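J.: This is the structure, below, for whatever I ask next.
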Amino acid sequence: QVQLVESGGGLVQAGGRLRLSCAASGRTLSNNVMGWFRQAPGKEREFVAAINWSGISTYYADSVKGRFTISRDNAKNTMYLQMNSLKPEDTAVYYCAATSKWFTTLVQATGLHDYDYWGQGTQVTVSS
């Protein structure tokens, strides 16, 4: 049984930064694609970023490209999301996810149905 626990959310002013962490337990996820999603009030959960098992390959939603950076430390079984230049529209609950599926490219790993394991989410609020 895999458990994912997010942390690092909070309240920040526009233009500020936050770093989210996702700690995995139960078994190692060093061979798995992992990703971040977010869900704003009244909206569907949407893809934010994904990273391959080694951390060399990453993929981002257009809305966060150039501002967010996804990374992972397999020795710590932890994934991160560095969020810079935050905007009010980034306000959402952020979820980390992991999948046991194999993808040729991370462009294929952007759907909710692509992921098997989910964290409980962490709130990020950006004030204007």
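Labeling convention for the structure tokens: chains A, B, ... as they appear, residues from 1 per chain, ligands from 1 in order of appearance.
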What's around range 64-70 of chain A at 12 Å? Count only C-alpha atoms, leave out sequence neighbours fewer than 3 positions away in its own chain, and write the answer as a PyMOL selection string.

T.: chain A and resi 15-22+33-38+46-52+55-61+73+78-87+89-90+96

J.: Show me a table, sorted first by chain and then by increasing residue number, of the residues of range 60-100 of chain A having an atom at most 9 Å from range 26-29 of chain A, each with its shortest atom pair and the distance in Å to one decimal, counting only C-alpha atoms and written as a Markdown table.

T.:
| residue | atom | partner | partner_atom | distance |
| --- | --- | --- | --- | --- |
| A:Asn74 | CA | A:Leu29 | CA | 7.5 |
| A:Asn77 | CA | A:Thr28 | CA | 6.3 |
| A:Thr78 | CA | A:Leu29 | CA | 8.7 |
| A:Ala98 | CA | A:Leu29 | CA | 7.7 |
| A:Thr99 | CA | A:Leu29 | CA | 8.8 |
| A:Ser100 | CA | A:Leu29 | CA | 8.8 |

J.: Near Val126 in chain A, within 6 Å and counting only C-alpha atoms, which residues show up once chain neighbours fewer than 2 positions away are dropped, as an MDAnalysis selection string?

T.: chainID A and resid 11:14 88 91

J.: For Gly9 in chain A, work out the shell of residues within 6 Å, counting only C-alpha atoms and skipping chain neighbours fewer than 6 positions away, then give it as a list of chain:residue names.

T.: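 The residues satisfying every condition are A:Thr122, A:Gln123, A:Val124.
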
J.: Please measure the separation of CA of Gln108 in chain A and CA of Gly42 in chain A, giving the value in Å to one decimal.

T.: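 Value for the CA of Gln108 in chain A-CA of Gly42 in chain A distance: 25.6 Å.
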
J.: Just to confirm, what's the straight-line distance from CA of Leu4 in chain A to CA of Pro41 in chain A in Å (one decimal)?

T.: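 Spanning CA of Leu4 in chain A to CA of Pro41 in chain A is a straight-line distance of 22.2 Å.
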
J.: In range 4-92 of chain A, what's strand (DSSP E) per DSSP? Answer as a PyMOL selection string?

T.: chain A and resi 4-7+10-13+18-25+33-39+46-51+58-60+68-73+78-83+92

J.: Mind dumping the selected residues with C-alpha atoms as a short mmCIF file (atom, residue, chain, number, x, y, z; two decimals), in the first residue's frame?

T.:
data_model
loop_
_atom_site.label_atom_id
_atom_site.label_comp_id
_atom_site.auth_asym_id
_atom_site.auth_seq_id
_atom_site.Cartn_x
_atom_site.Cartn_y
_atom_site.Cartn_z
CA LEU A 4 1.52 9.96 -0.34
CA VAL A 5 1.59 12.93 2.01
CA GLU A 6 1.87 16.49 0.76
CA SER A 7 3.20 19.41 2.81
CA GLY A 10 0.09 27.98 2.81
CA LEU A 11 -0.84 31.60 2.21
CA VAL A 12 1.48 33.76 0.12
CA GLN A 13 1.25 37.09 -1.64
CA LEU A 18 6.33 28.16 -2.03
CA ARG A 19 7.87 24.70 -2.10
CA LEU A 20 5.60 21.70 -1.86
CA SER A 21 6.83 18.27 -0.82
CA CYS A 22 5.31 14.86 -1.37
CA ALA A 23 6.63 12.09 0.85
CA ALA A 24 5.92 8.51 -0.19
CA SER A 25 5.78 5.54 2.13
CA VAL A 33 6.32 8.48 -12.88
CA MET A 34 4.98 11.02 -10.41
CA GLY A 35 3.01 14.18 -10.86
CA TRP A 36 1.32 17.20 -9.34
CA PHE A 37 -2.28 18.19 -9.92
CA ARG A 38 -4.40 20.99 -8.51
CA GLN A 39 -8.06 21.74 -7.98
CA GLU A 46 -6.08 19.66 -13.50
CA PHE A 47 -2.58 18.54 -14.39
CA VAL A 48 0.33 20.71 -13.26
CA ALA A 49 3.57 18.80 -13.81
CA ALA A 50 5.03 15.31 -14.16
CA ILE A 51 8.48 13.79 -13.70
CA THR A 58 9.79 16.68 -16.83
CA TYR A 59 6.63 18.08 -18.36
CA TYR A 60 4.51 21.09 -17.38
CA PHE A 68 7.15 25.97 -11.40
CA THR A 69 9.84 23.31 -11.15
CA ILE A 70 9.18 19.66 -10.37
CA SER A 71 11.96 17.51 -8.93
CA ARG A 72 12.46 14.34 -6.91
CA ASP A 73 14.91 12.75 -4.51
CA THR A 78 10.15 12.44 -1.98
CA MET A 79 8.97 14.69 -4.80
CA TYR A 80 8.92 18.48 -4.81
CA LEU A 81 7.22 21.36 -6.56
CA GLN A 82 9.00 24.70 -6.39
CA MET A 83 6.49 27.41 -7.20
CA ALA A 92 -5.96 25.59 -5.30
#

J.: Work out how far apart CA of Tyr95 in chain A and CA of Gln120 in chain A are and give it in Å to one decimal.

T.: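 A separation of 6.6 Å between them.
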
J.: Counting only C-alpha atoms, which residue out of A:Val107, A:Ser128, A:Ala75, A:Tyr117 sits closest to Gln1 in chain A?

T.: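 Of A:Val107, A:Ser128, A:Ala75, A:Tyr117, the one nearest Gln1 in chain A is A:Tyr117, counting only C-alpha atoms.
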